[in-house]
$ cat protein.cif   # mmCIF, C-alpha atoms
data_entry
loop_
_atom_site.label_atom_id
_atom_site.label_comp_id
_atom_site.auth_asym_id
_atom_site.auth_seq_id
_atom_site.Cartn_x
_atom_site.Cartn_y
_atom_site.Cartn_z
CA MET A 8 -111.31 107.58 120.78
CA LEU A 9 -111.27 105.85 117.39
CA ASN A 10 -111.25 102.43 119.07
CA ARG A 11 -114.27 103.33 121.20
CA LEU A 12 -116.15 104.61 118.16
CA LEU A 13 -115.39 101.41 116.26
CA ILE A 14 -116.47 99.22 119.19
CA LEU A 15 -119.73 101.14 119.56
CA SER A 16 -120.40 100.90 115.81
CA LEU A 17 -119.86 97.15 115.87
CA ALA A 18 -122.07 96.79 118.94
CA LEU A 19 -124.92 98.58 117.16
CA LEU A 20 -124.73 96.55 113.94
CA PRO A 21 -126.89 93.66 115.23
CA LEU A 22 -129.67 96.14 116.01
CA SER A 23 -129.84 97.24 112.38
CA ALA A 24 -129.86 93.68 111.07
CA LEU A 25 -132.55 92.45 113.44
CA HIS A 26 -134.89 95.39 113.74
CA GLY A 27 -134.53 97.55 110.64
CA ALA A 28 -132.57 100.45 112.09
CA GLU A 29 -131.83 103.28 109.68
CA TRP A 30 -128.65 104.95 108.48
CA SER A 31 -128.35 108.22 106.62
CA SER A 32 -125.07 109.70 105.40
CA ARG A 33 -123.73 112.86 103.85
CA ALA A 34 -120.39 113.28 102.12
CA SER A 35 -118.79 116.39 100.70
CA LEU A 36 -115.65 117.39 98.85
CA GLU A 37 -114.18 120.85 99.36
CA ALA A 38 -111.59 122.26 96.96
CA ARG A 39 -109.77 125.55 97.42
CA HIS A 40 -107.35 127.22 95.03
CA PHE A 41 -105.39 130.42 95.64
CA PHE A 42 -104.50 132.45 92.55
CA ASN A 43 -101.82 134.63 94.17
CA ASP A 44 -98.37 133.34 95.03
CA ALA A 45 -97.89 132.21 98.60
CA LEU A 46 -95.99 134.46 100.99
CA ASN A 47 -94.45 131.44 102.69
CA PRO A 48 -92.93 128.49 100.75
CA GLN A 49 -94.71 126.06 103.10
CA GLN A 50 -98.11 127.31 101.90
CA HIS A 51 -99.84 125.46 99.05
CA GLU A 52 -101.63 126.72 95.93
CA GLY A 53 -104.66 124.59 96.68
CA ASN A 54 -106.23 122.17 99.11
CA LEU A 55 -108.72 119.30 99.07
CA SER A 56 -110.82 118.14 101.99
CA VAL A 57 -113.36 115.30 102.28
CA THR A 58 -116.02 115.04 105.00
CA VAL A 59 -118.42 112.23 105.87
CA GLU A 60 -121.17 112.34 108.48
CA SER A 61 -123.49 109.41 109.15
CA GLU A 62 -126.46 109.07 111.45
CA PHE A 63 -127.70 105.79 112.85
CA TYR A 64 -131.03 105.71 114.60
CA HIS A 65 -133.30 102.99 115.82
CA ASP A 66 -136.74 103.12 117.47
CA TRP A 67 -138.27 100.22 119.40
CA ASP A 68 -140.79 99.45 122.13
CA ASP A 69 -143.63 101.09 120.14
CA ASP A 70 -141.42 104.17 119.57
CA ASN A 71 -140.92 104.66 123.31
CA GLN A 72 -137.17 104.15 123.02
CA ARG A 73 -134.69 105.57 120.53
CA ILE A 74 -130.94 105.49 120.11
CA VAL A 75 -129.08 107.95 117.89
CA PHE A 76 -125.39 107.75 116.97
CA THR A 77 -123.73 110.33 114.67
CA PRO A 78 -120.01 110.04 113.82
CA PHE A 79 -118.15 112.63 111.69
CA ALA A 80 -114.84 112.40 109.82
CA ARG A 81 -112.77 114.96 107.89
CA ILE A 82 -109.60 114.27 105.92
CA ASP A 83 -107.65 117.31 104.79
CA GLN A 84 -104.92 117.12 102.16
CA HIS A 85 -102.40 119.47 103.81
CA ASP A 86 -103.67 120.42 107.28
CA SER A 87 -103.27 117.55 109.74
CA GLU A 88 -104.92 119.59 112.51
CA ARG A 89 -108.07 119.83 110.40
CA SER A 90 -108.22 116.07 109.76
CA HIS A 91 -110.14 114.40 112.56
CA LEU A 92 -112.82 111.96 113.63
CA ASP A 93 -115.39 112.88 116.24
CA LEU A 94 -118.72 111.88 117.65
CA ARG A 95 -121.33 114.58 116.98
CA ASP A 96 -124.24 112.93 118.81
CA ILE A 97 -124.97 109.85 120.82
CA TYR A 98 -128.02 109.55 122.98
CA LEU A 99 -130.72 107.23 124.19
CA ILE A 100 -134.28 108.44 124.76
CA ILE A 101 -136.64 106.40 126.92
CA THR A 102 -140.21 107.58 127.46
CA TYR A 103 -142.68 106.21 129.95
CA LYS A 104 -146.44 106.38 129.77
CA LYS A 105 -148.33 107.07 132.96
CA ASN A 106 -150.84 104.36 133.77
CA ASP A 107 -154.24 105.52 135.05
#

$ encode --input "protein.cif" --output "C-alpha coordinates"
Amino acid sequence: MLNRLLILSLALLPLSALHGAEWSSRASLEARHFFNDALNPQQHEGNLSVTVESEFYHDWDDDNQRIVFTPFARIDQHDSERSHLDLRDIYLIITYKKND
(Lines of atoms letter the chains of each structure in order from A and count residues from 1; the text may use other names and numbers.)
(Lines give C-alpha, C1' and ligand atoms only; values in the text may rest on other atoms or scores of the structure.)
Protein backbone atom coordinates (compact mmCIF):
# COMPACT_ATOMS: atom_id res chain seq x y z
CA MET A 1 0.00 0.00 0.00
CA LEU A 2 2.78 2.41 0.93
CA ASN A 3 4.56 1.74 -2.38
CA ARG A 4 1.39 2.46 -4.36
CA LEU A 5 0.82 5.70 -2.44
CA LEU A 6 4.39 6.80 -3.10
CA ILE A 7 4.14 5.96 -6.81
CA LEU A 8 0.87 7.89 -7.12
CA SER A 9 2.37 10.88 -5.28
CA LEU A 10 5.36 10.93 -7.61
CA ALA A 11 3.11 10.60 -10.65
CA LEU A 12 1.11 13.65 -9.57
CA LEU A 13 4.12 15.89 -8.88
CA PRO A 14 4.54 17.02 -12.52
CA LEU A 15 0.95 18.26 -12.50
CA SER A 16 1.66 20.62 -9.63
CA ALA A 17 4.83 21.96 -11.22
CA LEU A 18 3.28 22.57 -14.63
CA HIS A 19 -0.22 23.72 -13.82
CA GLY A 20 -0.24 25.21 -10.33
CA ALA A 21 -1.97 22.43 -8.45
CA GLU A 22 -2.59 23.08 -4.77
CA TRP A 23 -1.63 21.30 -1.57
CA SER A 24 -3.04 21.86 1.88
CA SER A 25 -1.88 20.04 5.00
CA ARG A 26 -2.80 19.66 8.63
CA ALA A 27 -0.61 18.26 11.38
CA SER A 28 -1.42 17.58 15.01
CA LEU A 29 0.29 16.34 18.13
CA GLU A 30 -1.69 14.47 20.76
CA ALA A 31 -0.31 13.93 24.26
CA ARG A 32 -1.98 11.85 26.96
CA HIS A 33 -0.88 11.40 30.55
CA PHE A 34 -2.47 9.13 33.15
CA PHE A 35 -2.12 10.24 36.78
CA ASN A 36 -3.04 6.90 38.38
CA ASP A 37 -0.69 3.93 38.45
CA ALA A 38 -1.20 1.38 35.71
CA LEU A 39 -2.92 -1.89 36.56
CA ASN A 40 -0.66 -3.76 34.14
CA PRO A 41 3.14 -3.24 34.00
CA GLN A 42 2.95 -3.13 30.19
CA GLN A 43 0.81 0.02 30.33
CA HIS A 44 2.52 3.41 30.09
CA GLU A 45 2.05 6.62 32.08
CA GLY A 46 1.71 8.66 28.92
CA ASN A 47 1.58 8.55 25.16
CA LEU A 48 2.41 10.79 22.20
CA SER A 49 0.87 10.60 18.75
CA VAL A 50 1.49 12.66 15.60
CA THR A 51 -0.90 12.88 12.64
CA VAL A 52 -0.48 14.46 9.22
CA GLU A 53 -3.15 14.77 6.54
CA SER A 54 -2.51 16.44 3.18
CA GLU A 55 -4.82 17.18 0.30
CA PHE A 56 -3.68 17.61 -3.28
CA TYR A 57 -6.14 18.95 -5.80
CA HIS A 58 -5.87 20.19 -9.33
CA ASP A 59 -8.48 21.64 -11.70
CA TRP A 60 -8.00 21.89 -15.47
CA ASP A 61 -9.96 22.07 -18.72
CA ASP A 62 -11.76 25.27 -17.60
CA ASP A 63 -12.60 23.60 -14.25
CA ASN A 64 -14.37 20.72 -16.00
CA GLN A 65 -11.92 18.18 -14.58
CA ARG A 66 -10.56 17.80 -11.06
CA ILE A 67 -8.37 15.29 -9.28
CA VAL A 68 -8.22 15.04 -5.49
CA PHE A 69 -5.75 12.94 -3.50
CA THR A 70 -5.75 12.88 0.33
CA PRO A 71 -3.23 10.70 2.22
CA PHE A 72 -3.21 10.39 6.04
CA ALA A 73 -0.50 9.19 8.43
CA ARG A 74 -0.44 8.58 12.19
CA ILE A 75 2.58 7.61 14.27
CA ASP A 76 1.88 6.51 17.83
CA GLN A 77 4.60 6.23 20.45
CA HIS A 78 3.46 2.97 22.09
CA ASP A 79 0.57 1.52 20.07
CA SER A 80 1.79 -0.03 16.81
CA GLU A 81 -1.79 -0.89 15.80
CA ARG A 82 -2.67 2.81 15.92
CA SER A 83 0.29 3.83 13.72
CA HIS A 84 -0.74 3.64 10.08
CA LEU A 85 -0.81 5.24 6.66
CA ASP A 86 -3.98 5.32 4.60
CA LEU A 87 -5.61 7.00 1.66
CA ARG A 88 -8.63 9.03 2.78
CA ASP A 89 -9.75 10.20 -0.67
CA ILE A 90 -8.77 9.82 -4.27
CA TYR A 91 -11.10 10.71 -7.07
CA LEU A 92 -11.34 12.22 -10.51
CA ILE A 93 -14.32 14.33 -11.55
CA ILE A 94 -15.01 14.93 -15.23
CA THR A 95 -17.97 17.09 -16.27
CA TYR A 96 -19.35 17.47 -19.75
CA LYS A 97 -21.35 20.36 -21.12
CA LYS A 98 -24.25 19.58 -23.40
CA ASN A 99 -23.94 21.26 -26.77
CA ASP A 100 -27.11 22.80 -28.21

$ closest_residue --input "protein.cif" --among "A:Asp83, A:Glu62, A:Asp44, A:Asp69" --to "Ile97 (chain A)" --atoms "only C-alpha atoms"
A:Glu62

$ closest_residue --input "protein.cif" --among "A:Glu52, A:Ser35, A:Val59, A:Asp66" --to "Thr102 (chain A)" --atoms "all atoms listed in the file"
A:Asp66

$ atom_distance --input "protein.cif" --atom1 "CA of Glu37 (chain A)" --atom2 "CA of Gln49 (chain A)"
20.5 Å

$ closest_residue --input "protein.cif" --among "A:Asn71, A:Ser56, A:Asn43, A:Thr77" --to "Asp93 (chain A)" --atoms "all atoms listed in the file"
A:Thr77

$ closest_residue --input "protein.cif" --among "A:Ile100, A:Leu92, A:Ile74, A:Leu55" --to "Ala38 (chain A)" --atoms "all atoms listed in the file"
A:Leu55

$ atom_distance --input "protein.cif" --atom1 "CA of His85 (chain A)" --atom2 "CA of Ser32 (chain A)"
24.7 Å

$ closest_residue --input "protein.cif" --among "A:Gln84, A:Phe42, A:Arg33, A:Tyr98" --to "His65 (chain A)" --atoms "all atoms listed in the file"
A:Tyr98
